[in-house]
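Engineer: Just work.cif, nothing more (mmCIF, C-alpha atoms):
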data_my_file
loop_
_atom_site.group_PDB
_atom_site.id
_atom_site.type_symbol
_atom_site.label_atom_id
_atom_site.label_comp_id
_atom_site.auth_asym_id
_atom_site.auth_seq_id
_atom_site.Cartn_x
_atom_site.Cartn_y
_atom_site.Cartn_z
ATOM 1 C CA ALA A 1 58.794 169.547 -211.346
ATOM 2 C CA TRP A 2 58.855 171.963 -208.436
ATOM 3 C CA GLN A 3 61.064 174.967 -208.991
ATOM 4 C CA ASN A 4 62.587 177.214 -206.316
ATOM 5 C CA LYS A 5 61.705 180.513 -207.944
ATOM 6 C CA ALA A 6 63.344 182.530 -205.165
ATOM 7 C CA LEU A 7 66.693 181.365 -206.592
ATOM 8 C CA SER A 8 65.914 180.387 -210.168
ATOM 9 C CA GLY A 9 63.063 182.665 -211.246
ATOM 10 C CA LEU A 10 64.175 185.626 -213.369
ATOM 11 C CA TYR A 11 61.992 188.728 -213.328
ATOM 12 C CA PRO A 12 62.149 192.424 -214.145
ATOM 13 C CA PRO A 13 62.474 194.125 -210.731
ATOM 14 C CA GLY A 14 60.094 196.977 -211.563
ATOM 15 C CA SER A 15 59.726 199.817 -209.080
ATOM 16 C CA PRO A 16 61.913 198.345 -206.305
ATOM 17 C CA PHE A 17 64.841 199.047 -208.656
ATOM 18 C CA LYS A 18 64.032 202.773 -208.300
ATOM 19 C CA LEU A 19 65.886 202.614 -204.975
ATOM 20 C CA ILE A 20 69.055 201.674 -206.896
ATOM 21 C CA THR A 21 68.391 204.458 -209.407
ATOM 22 C CA ALA A 22 68.196 206.875 -206.463
ATOM 23 C CA ILE A 23 71.476 205.571 -205.005
ATOM 24 C CA ALA A 24 73.220 205.854 -208.401
ATOM 25 C CA ALA A 25 71.970 209.422 -208.883
ATOM 26 C CA LEU A 26 72.980 210.445 -205.355
ATOM 27 C CA LYS A 27 76.435 208.854 -205.484
ATOM 28 C CA SER A 28 77.181 210.295 -208.933
ATOM 29 C CA GLY A 29 76.217 213.814 -207.794
ATOM 30 C CA ALA A 30 73.422 214.059 -210.367
ATOM 31 C CA ILE A 31 71.009 214.983 -207.533
ATOM 32 C CA ASP A 32 71.079 215.523 -203.795
ATOM 33 C CA ASP A 33 68.509 214.445 -201.210
ATOM 34 C CA SER A 34 66.531 217.701 -201.615
ATOM 35 C CA THR A 35 66.310 217.778 -205.452
ATOM 36 C CA VAL A 36 62.743 218.506 -206.597
ATOM 37 C CA PHE A 37 61.147 217.822 -210.001
ATOM 38 C CA GLU A 38 57.680 218.607 -211.315
ATOM 39 C CA CYS A 39 55.660 215.535 -212.282
ATOM 40 C CA ASP A 40 52.996 216.278 -214.896
ATOM 41 C CA GLY A 41 52.146 212.665 -215.704
ATOM 42 C CA GLY A 42 54.974 211.717 -218.051
ATOM 43 C CA HIS A 43 58.390 212.563 -219.438
ATOM 44 C CA MET A 44 59.473 213.090 -223.042
ATOM 45 C CA VAL A 45 62.567 211.080 -223.987
ATOM 46 C CA GLY A 46 63.400 211.900 -227.577
ATOM 47 C CA ARG A 47 60.051 211.796 -229.383
ATOM 48 C CA ARG A 48 58.451 209.302 -227.037
ATOM 49 C CA ARG A 49 56.488 210.102 -223.894
ATOM 50 C CA PHE A 50 57.240 207.763 -220.988
ATOM 51 C CA PRO A 51 54.196 207.664 -218.669
ATOM 52 C CA CYS A 52 53.842 208.153 -214.928
ATOM 53 C CA MET A 53 50.982 206.545 -213.007
ATOM 54 C CA GLY A 54 49.803 209.927 -211.712
ATOM 55 C CA ARG A 55 50.366 213.683 -211.770
ATOM 56 C CA HIS A 56 52.286 214.169 -208.575
ATOM 57 C CA GLY A 57 53.182 217.877 -208.874
ATOM 58 C CA GLU A 58 56.383 218.952 -207.137
ATOM 59 C CA VAL A 59 58.155 215.849 -205.881
ATOM 60 C CA ASP A 60 61.314 215.387 -203.796
ATOM 61 C CA LEU A 61 63.185 212.105 -203.276
ATOM 62 C CA ARG A 62 61.208 210.969 -200.222
ATOM 63 C CA THR A 63 57.852 211.660 -201.895
ATOM 64 C CA ALA A 64 59.007 210.037 -205.158
ATOM 65 C CA ILE A 65 59.752 206.820 -203.254
ATOM 66 C CA GLN A 66 56.489 207.054 -201.286
ATOM 67 C CA LYS A 67 54.341 207.623 -204.386
ATOM 68 C CA SER A 68 56.537 205.598 -206.776
ATOM 69 C CA CYS A 69 56.651 208.544 -209.188
ATOM 70 C CA ASN A 70 57.983 207.260 -212.527
ATOM 71 C CA GLU A 71 58.729 210.733 -213.848
ATOM 72 C CA TYR A 72 61.083 211.550 -210.968
ATOM 73 C CA PHE A 73 63.064 208.358 -211.579
ATOM 74 C CA TYR A 74 63.174 208.816 -215.373
ATOM 75 C CA ARG A 75 64.684 212.234 -214.759
ATOM 76 C CA ILE A 76 67.248 211.191 -212.156
ATOM 77 C CA GLY A 77 68.149 208.021 -214.083
ATOM 78 C CA LEU A 78 68.821 210.051 -217.230
ATOM 79 C CA ALA A 79 70.788 212.584 -215.180
ATOM 80 C CA ALA A 80 72.943 209.827 -213.641
ATOM 81 C CA GLY A 81 73.324 208.010 -216.976
ATOM 82 C CA PRO A 82 73.358 204.286 -217.805
ATOM 83 C CA ASP A 83 76.971 203.710 -216.755
ATOM 84 C CA ASN A 84 76.214 204.770 -213.174
ATOM 85 C CA LEU A 85 72.978 202.736 -213.086
ATOM 86 C CA SER A 86 74.831 199.609 -214.271
ATOM 87 C CA ARG A 87 77.755 200.237 -211.920
ATOM 88 C CA GLU A 88 75.484 200.561 -208.879
ATOM 89 C CA ALA A 89 73.491 197.425 -209.748
ATOM 90 C CA ILE A 90 76.762 195.507 -210.184
ATOM 91 C CA TYR A 91 78.109 196.905 -206.890
ATOM 92 C CA LEU A 92 74.979 195.428 -205.262
ATOM 93 C CA ARG A 93 75.798 192.159 -207.090
ATOM 94 C CA LEU A 94 72.639 192.007 -209.183
ATOM 95 C CA ASN A 95 74.761 190.702 -212.078
ATOM 96 C CA GLU A 96 75.821 187.422 -210.417
ATOM 97 C CA PRO A 97 74.478 184.557 -208.272
ATOM 98 C CA THR A 98 74.433 184.967 -204.493
ATOM 99 C CA ASN A 99 76.033 181.508 -204.021
ATOM 100 C CA VAL A 100 73.543 180.643 -201.311
ATOM 101 C CA ASN A 101 74.028 177.071 -200.046
ATOM 102 C CA LEU A 102 71.087 175.638 -201.999
ATOM 103 C CA PRO A 103 71.028 173.886 -205.396
ATOM 104 C CA ASN A 104 69.854 175.229 -208.761
ATOM 105 C CA GLU A 105 70.483 178.959 -208.348
ATOM 106 C CA THR A 106 70.377 180.551 -211.801
ATOM 107 C CA LYS A 107 73.396 182.276 -213.314
ATOM 108 C CA ARG A 108 71.385 183.995 -216.048
ATOM 109 C CA MET A 109 70.454 187.251 -214.282
ATOM 110 C CA THR A 110 71.044 190.375 -216.386
ATOM 111 C CA THR A 111 72.371 193.802 -215.488
ATOM 112 C CA PRO A 112 72.457 195.537 -218.885
ATOM 113 C CA SER A 113 75.029 198.120 -219.971
ATOM 114 C CA ARG A 114 76.059 199.871 -223.178
ATOM 115 C CA GLU A 115 78.650 197.158 -223.864
ATOM 116 C CA TRP A 116 76.213 194.351 -223.086
ATOM 117 C CA LYS A 117 73.621 195.702 -225.544
ATOM 118 C CA LYS A 118 76.205 196.296 -228.276
ATOM 119 C CA GLU A 119 77.488 192.740 -227.877
ATOM 120 C CA ARG A 120 74.089 191.086 -227.609
ATOM 121 C CA GLU A 121 72.017 193.105 -230.070
ATOM 122 C CA GLY A 122 74.607 194.956 -232.151
ATOM 123 C CA GLN A 123 72.831 198.214 -231.295
ATOM 124 C CA PRO A 124 73.804 201.363 -229.401
ATOM 125 C CA TRP A 125 72.260 202.193 -226.033
ATOM 126 C CA TYR A 126 69.476 204.780 -226.266
ATOM 127 C CA ASP A 127 68.058 207.242 -223.726
ATOM 128 C CA GLY A 128 64.847 205.196 -223.859
ATOM 129 C CA ASP A 129 66.836 202.206 -222.553
ATOM 130 C CA THR A 130 68.031 204.366 -219.641
ATOM 131 C CA ALA A 131 64.464 205.515 -218.886
ATOM 132 C CA ASN A 132 63.234 201.908 -218.854
ATOM 133 C CA MET A 133 66.117 200.767 -216.668
ATOM 134 C CA SER A 134 65.483 203.645 -214.228
ATOM 135 C CA ILE A 135 62.111 202.131 -213.278
ATOM 136 C CA GLY A 136 63.312 198.510 -213.301
ATOM 137 C CA GLN A 137 62.070 197.523 -216.749
ATOM 138 C CA GLY A 138 63.826 196.913 -220.075
ATOM 139 C CA TYR A 139 66.585 194.306 -220.119
ATOM 140 C CA LEU A 140 67.000 193.930 -216.330
ATOM 141 C CA THR A 141 66.302 190.533 -214.770
ATOM 142 C CA VAL A 142 66.842 189.537 -211.127
ATOM 143 C CA THR A 143 65.872 186.774 -208.707
ATOM 144 C CA PRO A 144 63.750 187.422 -205.604
ATOM 145 C CA LEU A 145 66.720 186.361 -203.422
ATOM 146 C CA GLN A 146 68.911 188.998 -205.079
ATOM 147 C CA MET A 147 66.293 191.628 -204.287
ATOM 148 C CA ALA A 148 66.136 190.462 -200.659
ATOM 149 C CA MET A 149 69.924 190.900 -200.399
ATOM 150 C CA THR A 150 69.629 194.334 -202.040
ATOM 151 C CA ILE A 151 66.984 195.483 -199.561
ATOM 152 C CA ALA A 152 69.062 194.217 -196.620
ATOM 153 C CA SER A 153 72.012 196.177 -198.037
ATOM 154 C CA ILE A 154 69.987 199.374 -198.456
ATOM 155 C CA ALA A 155 68.553 199.001 -194.933
ATOM 156 C CA LYS A 156 72.024 198.730 -193.372
ATOM 157 C CA ASN A 157 73.919 201.074 -195.778
ATOM 158 C CA GLU A 158 76.298 198.142 -196.351
ATOM 159 C CA VAL A 159 76.442 195.574 -199.161
ATOM 160 C CA TYR A 160 75.540 192.095 -197.910
ATOM 161 C CA SER A 161 76.296 189.372 -200.424
ATOM 162 C CA HIS A 162 76.702 186.024 -198.607
ATOM 163 C CA PRO A 163 73.300 184.560 -197.705
ATOM 164 C CA SER A 164 73.130 181.229 -195.888
ATOM 165 C CA ILE A 165 70.249 178.995 -194.809
ATOM 166 C CA LEU A 166 72.431 177.524 -192.056
ATOM 167 C CA LYS A 167 72.623 179.092 -188.632
ATOM 168 C CA GLN A 168 76.128 180.510 -188.358
ATOM 169 C CA THR A 169 78.284 179.985 -185.263
ATOM 170 C CA PRO A 170 80.006 183.078 -183.835
ATOM 171 C CA ALA A 171 83.314 181.726 -185.241
ATOM 172 C CA GLN A 172 81.817 181.351 -188.740
ATOM 173 C CA LEU A 173 80.320 184.812 -188.537
ATOM 174 C CA ALA A 174 83.699 186.223 -187.502
ATOM 175 C CA HIS A 175 85.331 184.725 -190.612
ATOM 176 C CA ARG A 176 82.640 185.903 -193.025
ATOM 177 C CA PRO A 177 83.829 188.557 -195.480
ATOM 178 C CA MET A 178 83.100 192.039 -194.160
ATOM 179 C CA PRO A 179 80.294 193.848 -196.019
ATOM 180 C CA LYS A 180 81.357 196.700 -198.286
ATOM 181 C CA PRO A 181 79.984 200.171 -197.480
ATOM 182 C CA LEU A 182 77.023 201.141 -199.643
ATOM 183 C CA GLY A 183 78.594 204.572 -199.708
ATOM 184 C CA LEU A 184 75.772 206.963 -198.813
ATOM 185 C CA PRO A 185 76.367 209.708 -196.219
ATOM 186 C CA THR A 186 74.157 209.189 -193.147
ATOM 187 C CA GLU A 187 71.701 212.019 -193.910
ATOM 188 C CA VAL A 188 71.321 210.973 -197.546
ATOM 189 C CA HIS A 189 70.811 207.335 -196.544
ATOM 190 C CA LYS A 190 68.169 208.497 -194.060
ATOM 191 C CA ALA A 191 66.261 210.255 -196.874
ATOM 192 C CA ILE A 192 65.869 206.938 -198.711
ATOM 193 C CA LEU A 193 64.773 205.139 -195.547
ATOM 194 C CA ASP A 194 62.302 207.967 -194.776
ATOM 195 C CA GLY A 195 60.754 207.494 -198.222
ATOM 196 C CA MET A 196 60.527 203.723 -197.651
ATOM 197 C CA ASP A 197 59.029 204.310 -194.186
ATOM 198 C CA ARG A 198 56.296 206.425 -195.804
ATOM 199 C CA VAL A 199 55.514 203.599 -198.293
ATOM 200 C CA VAL A 200 54.316 201.369 -195.426
ATOM 201 C CA SER A 201 51.918 203.909 -193.952
ATOM 202 C CA LEU A 202 48.274 204.870 -194.311
ATOM 203 C CA THR A 203 49.233 207.293 -197.113
ATOM 204 C CA GLY A 204 51.703 204.938 -198.861
ATOM 205 C CA THR A 205 51.327 202.229 -201.492
ATOM 206 C CA ALA A 206 51.959 199.362 -199.012
ATOM 207 C CA ARG A 207 49.267 199.903 -196.381
ATOM 208 C CA GLY A 208 48.741 196.137 -196.550
ATOM 209 C CA ALA A 209 52.141 195.507 -194.923
ATOM 210 C CA ILE A 210 51.527 197.585 -191.756
ATOM 211 C CA VAL A 211 52.271 195.771 -188.483
ATOM 212 C CA ASP A 212 51.299 197.345 -185.141
ATOM 213 C CA GLY A 213 54.269 198.496 -183.109
ATOM 214 C CA VAL A 214 56.831 198.200 -185.913
ATOM 215 C CA ASN A 215 58.109 200.807 -188.358
ATOM 216 C CA ILE A 216 58.540 199.016 -191.694
ATOM 217 C CA GLY A 217 60.384 200.428 -194.699
ATOM 218 C CA GLY A 218 59.235 199.139 -198.061
ATOM 219 C CA LYS A 219 58.722 199.574 -201.771
ATOM 220 C CA THR A 220 55.943 198.167 -203.918
ATOM 221 C CA GLY A 221 56.106 197.560 -207.617
ATOM 222 C CA THR A 222 54.321 196.197 -210.628
ATOM 223 C CA ALA A 223 56.541 194.867 -213.394
ATOM 224 C CA GLN A 224 55.497 193.641 -216.804
ATOM 225 C CA ILE A 225 56.605 190.593 -218.758
ATOM 226 C CA ASN A 226 55.845 190.916 -222.465
ATOM 227 C CA LYS A 227 54.134 187.870 -223.974
ATOM 228 C CA LYS A 228 53.007 187.250 -227.549
ATOM 229 C CA ASP A 229 49.390 188.275 -226.922
ATOM 230 C CA GLY A 230 49.870 190.898 -224.206
ATOM 231 C CA ASN A 231 51.546 191.505 -220.835
ATOM 232 C CA LEU A 232 51.677 189.465 -217.656
ATOM 233 C CA GLU A 233 52.056 191.599 -214.552
ATOM 234 C CA LEU A 234 54.164 190.857 -211.481
ATOM 235 C CA ALA A 235 53.350 192.238 -208.045
ATOM 236 C CA TRP A 236 56.441 193.060 -205.931
ATOM 237 C CA PHE A 237 56.894 194.134 -202.350
ATOM 238 C CA VAL A 238 60.340 194.546 -200.812
ATOM 239 C CA GLY A 239 60.825 195.703 -197.252
ATOM 240 C CA PHE A 240 62.717 195.592 -193.981
ATOM 241 C CA ALA A 241 62.066 196.301 -190.307
ATOM 242 C CA PRO A 242 62.401 197.973 -187.920
ATOM 243 C CA VAL A 243 63.443 201.084 -189.860
ATOM 244 C CA GLU A 244 65.492 202.379 -186.926
ATOM 245 C CA ASN A 245 67.280 199.035 -186.259
ATOM 246 C CA PRO A 246 66.920 196.622 -189.236
ATOM 247 C CA GLN A 247 66.611 192.939 -188.277
ATOM 248 C CA ILE A 248 64.715 191.324 -191.156
ATOM 249 C CA ALA A 249 64.354 191.880 -194.911
ATOM 250 C CA VAL A 250 61.390 190.416 -196.792
ATOM 251 C CA VAL A 251 60.558 190.131 -200.489
ATOM 252 C CA ALA A 252 57.159 189.012 -201.772
ATOM 253 C CA LEU A 253 56.544 188.434 -205.480
ATOM 254 C CA VAL A 254 53.289 187.264 -207.035
ATOM 255 C CA GLU A 255 53.105 186.274 -210.698
ATOM 256 C CA GLY A 256 49.957 187.259 -212.546
ATOM 257 C CA GLN A 257 48.328 184.403 -214.473
ATOM 258 C CA VAL A 258 45.977 186.363 -216.741
ATOM 259 C CA LEU A 259 47.218 188.446 -219.673
ATOM 260 C CA ASN A 260 46.698 192.218 -219.430
ATOM 261 C CA GLN A 261 45.219 191.955 -215.919
ATOM 262 C CA SER A 262 46.307 194.747 -213.579
ATOM 263 C CA PHE A 263 48.213 193.304 -210.646
ATOM 264 C CA GLY A 264 49.637 195.775 -208.126
ATOM 265 C CA GLY A 265 52.286 195.084 -205.490
ATOM 266 C CA GLY A 266 50.464 197.040 -202.787
ATOM 267 C CA LEU A 267 47.322 194.931 -203.112
ATOM 268 C CA HIS A 268 48.784 191.475 -203.755
ATOM 269 C CA ALA A 269 52.351 191.283 -202.406
ATOM 270 C CA ALA A 270 52.401 193.628 -199.381
ATOM 271 C CA PRO A 271 49.853 191.591 -197.326
ATOM 272 C CA MET A 272 51.960 188.432 -197.879
ATOM 273 C CA ALA A 273 55.001 190.222 -196.474
ATOM 274 C CA ARG A 274 52.937 191.375 -193.498
ATOM 275 C CA TYR A 275 52.395 187.750 -192.404
ATOM 276 C CA VAL A 276 56.167 187.187 -192.423
ATOM 277 C CA PHE A 277 56.836 190.375 -190.454
ATOM 278 C CA GLU A 278 54.102 189.492 -187.933
ATOM 279 C CA ALA A 279 55.558 186.013 -187.387
ATOM 280 C CA PHE A 280 59.069 187.432 -186.894
ATOM 281 C CA PHE A 281 58.032 190.111 -184.415
ATOM 282 C CA GLU A 282 55.860 187.658 -182.450
ATOM 283 C CA LYS A 283 59.066 185.683 -181.903
ATOM 284 C CA HIS A 284 61.125 188.820 -181.282
ATOM 285 C CA PRO A 285 58.884 191.301 -179.421
ATOM 286 C CA GLU A 286 62.022 193.001 -178.057
ATOM 287 C CA PHE A 287 62.321 194.814 -181.402
ATOM 288 C CA LYS A 288 58.778 196.223 -181.292
ATOM 289 C CA ILE A 289 58.012 199.745 -180.068
ATOM 290 C CA PRO A 290 56.673 199.492 -176.469
ATOM 291 C CA PRO A 291 52.932 200.380 -176.254
ATOM 292 C CA GLU A 292 53.609 203.280 -173.857
ATOM 293 C CA LEU A 293 55.940 204.872 -176.434
ATOM 294 C CA ILE A 294 53.310 204.462 -179.165
ATOM 295 C CA GLN A 295 50.815 206.271 -176.894
ATOM 296 C CA ALA A 296 53.341 209.046 -176.302
ATOM 297 C CA GLN A 297 53.729 209.508 -180.068
ATOM 298 C CA LEU A 298 49.985 209.866 -180.664
#
For this file, produce the structure as structure tokens.
Structural biologist:
Amino acid sequence: AWQNKALSGLYPPGSPFKLITAIAALKSGAIDDSTVFECDGGHMVGRRRFPCMGRHGEVDLRTAIQKSCNEYFYRIGLAAGPDNLSREAIYLRLNEPTNVNLPNETKRMTTPSREWKKEREGQPWYDGDTANMSIGQGYLTVTPLQMAMTIASIAKNEVYSHPSILKQTPAQLAHRPMPKPLGLPTEVHKAILDGMDRVVSLTGTARGAIVDGVNIGGKTGTAQINKKDGNLELAWFVGFAPVENPQIAVVALVEGQVLNQSFGGGLHAAPMARYVFEAFFEKHPEFKIPPELIQAQL
């Protein structure tokens, strides 16, 4: 049977969750938007070394988002602590269905917490659990639709939680619940968007999502699902555009089919999102940067 995986597929969010880790760390006061850490390729948590995909040297928040530096997010996730990570994910409603007007949306998404682990596994929460959660792995599971709502919320600095596939009349829109504030000061919010803007650039991980005349903010990710004989990888891209006036949020997720095959979001998911962005901005050229302004910027 066909399955609508946008609503019913459950996946670890991987690196796109790092945006939530950043928000939790910023809102809790664990860091500010200029906090710098040294990335030397990994971070010791207890007696275990949690790896980074590179040695990024001195990294601030914007660069950590651009380069998807695991070590930066381990550090800020541990500094914020698991309670703040869980609270922020719940505030963005990753723990419950979106109630979109379509059938068969799952209710089994998981936002873990100390209490959840104690109840489910009879075990305490460890720092290693926090490190895993900080980069969107561990016990976390989400649907692609939830991630699309999360990216729309981050783009607008407001929490949007009532998706609909029906075109809303002005009267219906007027009676829709008002979005809650995401709660980031303007300058701090801008730091996150700057980092996402750099992701979809010639030096970022999502070059494949670039669209001429549009500034796109994004985040790529590769998440792993553990199977009996190895790992299946998932390629994520989440993004929105234009950065300066968000109109559309897009999530692309590709499931790897071969065990232990490397499957990156930048290579596999970002180009899929580009087609969606291109189609939207062909219909709505009024949101593109005029060619004469692009020339002036060069």
Engineer: Quick one: contact table of region 185-228 of chain A to region 58-66 of chain A, 7 Å max, nearest atom pair and distance in Å to one decimal per residue, counting only C-alpha atoms, chain and number order, as a Markdown table?
Structural biologist:
| residue | atom | partner | partner_atom | distance |
| --- | --- | --- | --- | --- |
| A:Ala191 | CA | A:Arg62 | CA | 6.1 |
| A:Ile192 | CA | A:Arg62 | CA | 6.3 |
| A:Asp194 | CA | A:Arg62 | CA | 6.3 |
| A:Gly195 | CA | A:Arg62 | CA | 4.0 |
| A:Met196 | CA | A:Gln66 | CA | 6.4 |
| A:Arg198 | CA | A:Gln66 | CA | 5.5 |
| A:Val199 | CA | A:Gln66 | CA | 4.7 |
| A:Gly204 | CA | A:Gln66 | CA | 5.8 |
Engineer: Carefully work through the PyMOL selection byres ((chain A and resi 248) around 10) for this structure and note down the residues it includes, as a PyMOL selection string.
Structural biologist: chain A and resi 148+151-152+155+216+239-243+245-247+249-250+276-277+280-281
Engineer: Using all atoms listed in the file, can you tell me which of A:Asn226, A:Asn101, A:Asn84, A:Thr150 comes closest to Leu166 (chain A)?
Structural biologist: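 Closest to Leu166 (chain A), using all atoms listed in the file: A:Asn101.
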Engineer: Could I get the residues of region 148-244 of chain A with an atom no further than 12 Å from an atom of region 127-135 of chain A, each paired with its nearest atom pair and that distance in Å to one decimal, using only C-alpha atoms, sorted by chain and residue number, as a Markdown table?
Structural biologist:
| residue | atom | partner | partner_atom | distance |
| --- | --- | --- | --- | --- |
| A:Thr220 | CA | A:Ile135 | CA | 11.9 |
| A:Gly221 | CA | A:Ile135 | CA | 9.4 |
| A:Thr222 | CA | A:Ile135 | CA | 10.1 |
| A:Ala223 | CA | A:Ile135 | CA | 9.2 |
| A:Gln224 | CA | A:Ile135 | CA | 11.3 |
Engineer: Looking at A:Val36, A:Val214, A:Val200, A:Val254, which one is nearest to Glu71 (chain A), with distances taken over all atoms listed in the file?
Structural biologist: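 Answer, going by the shortest atom-to-atom distance: A:Val36.
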Engineer: Written as a PDB file with C-alpha atoms, keeping the file's coordinate frame, what is the full residue list that the PyMOL selection byres ((chain A and resi 146) around 8) yields on the file shown?
Structural biologist:
ATOM      1  CA  ARG A  93      75.798 192.159-207.090  1.00  0.00           C
ATOM      2  CA  LEU A  94      72.639 192.007-209.183  1.00  0.00           C
ATOM      3  CA  PRO A  97      74.478 184.557-208.272  1.00  0.00           C
ATOM      4  CA  THR A  98      74.433 184.967-204.493  1.00  0.00           C
ATOM      5  CA  VAL A 142      66.842 189.537-211.127  1.00  0.00           C
ATOM      6  CA  THR A 143      65.872 186.774-208.707  1.00  0.00           C
ATOM      7  CA  PRO A 144      63.750 187.422-205.604  1.00  0.00           C
ATOM      8  CA  LEU A 145      66.720 186.361-203.422  1.00  0.00           C
ATOM      9  CA  MET A 147      66.293 191.628-204.287  1.00  0.00           C
ATOM     10  CA  ALA A 148      66.136 190.462-200.659  1.00  0.00           C
ATOM     11  CA  MET A 149      69.924 190.900-200.399  1.00  0.00           C
ATOM     12  CA  THR A 150      69.629 194.334-202.040  1.00  0.00           C
TER      13      THR A 150
END
Engineer: Step by step, work through what the PyMOL selection byres ((chain A and resi 186) around 12) selects in the shown file, and finish by giving those residues as an MDAnalysis selection string.
Structural biologist: chainID A and resid 33 154:158 181:185 187:193
Engineer: Would you work out the distance separating CA of Ala80 (chain A) from CA of Leu253 (chain A), expressed in Å to one decimal?
Structural biologist: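 If I compute the distance from CA of Ala80 (chain A) to CA of Leu253 (chain A), I get 28.2 Å.
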Engineer: Atoms are missing here; could region 237-251 of chain A be completed with N, CA and C atoms and written as a PDB file, in the coordinates of the input?
Structural biologist:
ATOM      1  N   PHE A 237      56.696 193.325-203.547  1.00  0.00           N
ATOM      2  CA  PHE A 237      56.894 194.134-202.350  1.00  0.00           C
ATOM      3  C   PHE A 237      58.262 193.758-201.792  1.00  0.00           C
ATOM      4  N   VAL A 238      59.066 194.768-201.501  1.00  0.00           N
ATOM      5  CA  VAL A 238      60.340 194.546-200.812  1.00  0.00           C
ATOM      6  C   VAL A 238      60.331 195.421-199.570  1.00  0.00           C
ATOM      7  N   GLY A 239      60.858 194.889-198.462  1.00  0.00           N
ATOM      8  CA  GLY A 239      60.825 195.703-197.252  1.00  0.00           C
ATOM      9  C   GLY A 239      61.726 195.168-196.161  1.00  0.00           C
ATOM     10  N   PHE A 240      61.886 195.970-195.122  1.00  0.00           N
ATOM     11  CA  PHE A 240      62.717 195.592-193.981  1.00  0.00           C
ATOM     12  C   PHE A 240      62.144 196.248-192.732  1.00  0.00           C
ATOM     13  N   ALA A 241      62.560 195.734-191.574  1.00  0.00           N
ATOM     14  CA  ALA A 241      62.066 196.301-190.307  1.00  0.00           C
ATOM     15  C   ALA A 241      62.993 195.864-189.159  1.00  0.00           C
ATOM     16  N   PRO A 242      62.939 196.608-188.031  1.00  0.00           N
ATOM     17  CA  PRO A 242      62.401 197.973-187.920  1.00  0.00           C
ATOM     18  C   PRO A 242      63.279 198.974-188.688  1.00  0.00           C
ATOM     19  N   VAL A 243      62.694 200.074-189.106  1.00  0.00           N
ATOM     20  CA  VAL A 243      63.443 201.084-189.860  1.00  0.00           C
ATOM     21  C   VAL A 243      64.646 201.580-189.067  1.00  0.00           C
ATOM     22  N   GLU A 244      64.436 201.763-187.736  1.00  0.00           N
ATOM     23  CA  GLU A 244      65.492 202.379-186.926  1.00  0.00           C
ATOM     24  C   GLU A 244      66.574 201.365-186.493  1.00  0.00           C
ATOM     25  N   ASN A 245      66.308 200.062-186.691  1.00  0.00           N
ATOM     26  CA  ASN A 245      67.280 199.035-186.259  1.00  0.00           C
ATOM     27  C   ASN A 245      67.016 197.752-187.049  1.00  0.00           C
ATOM     28  N   PRO A 246      67.368 197.722-188.349  1.00  0.00           N
ATOM     29  CA  PRO A 246      66.920 196.622-189.236  1.00  0.00           C
ATOM     30  C   PRO A 246      67.355 195.226-188.758  1.00  0.00           C
ATOM     31  N   GLN A 247      66.371 194.320-188.702  1.00  0.00           N
ATOM     32  CA  GLN A 247      66.611 192.939-188.277  1.00  0.00           C
ATOM     33  C   GLN A 247      66.195 191.920-189.330  1.00  0.00           C
ATOM     34  N   ILE A 248      65.257 192.284-190.194  1.00  0.00           N
ATOM     35  CA  ILE A 248      64.715 191.324-191.156  1.00  0.00           C
ATOM     36  C   ILE A 248      64.398 192.041-192.464  1.00  0.00           C
ATOM     37  N   ALA A 249      64.732 191.388-193.576  1.00  0.00           N
ATOM     38  CA  ALA A 249      64.354 191.880-194.911  1.00  0.00           C
ATOM     39  C   ALA A 249      63.433 190.845-195.552  1.00  0.00           C
ATOM     40  N   VAL A 250      62.398 191.311-196.214  1.00  0.00           N
ATOM     41  CA  VAL A 250      61.390 190.416-196.792  1.00  0.00           C
ATOM     42  C   VAL A 250      61.105 190.842-198.235  1.00  0.00           C
ATOM     43  N   VAL A 251      61.000 189.866-199.113  1.00  0.00           N
ATOM     44  CA  VAL A 251      60.558 190.131-200.489  1.00  0.00           C
ATOM     45  C   VAL A 251      59.373 189.224-200.787  1.00  0.00           C
TER      46      VAL A 251
END
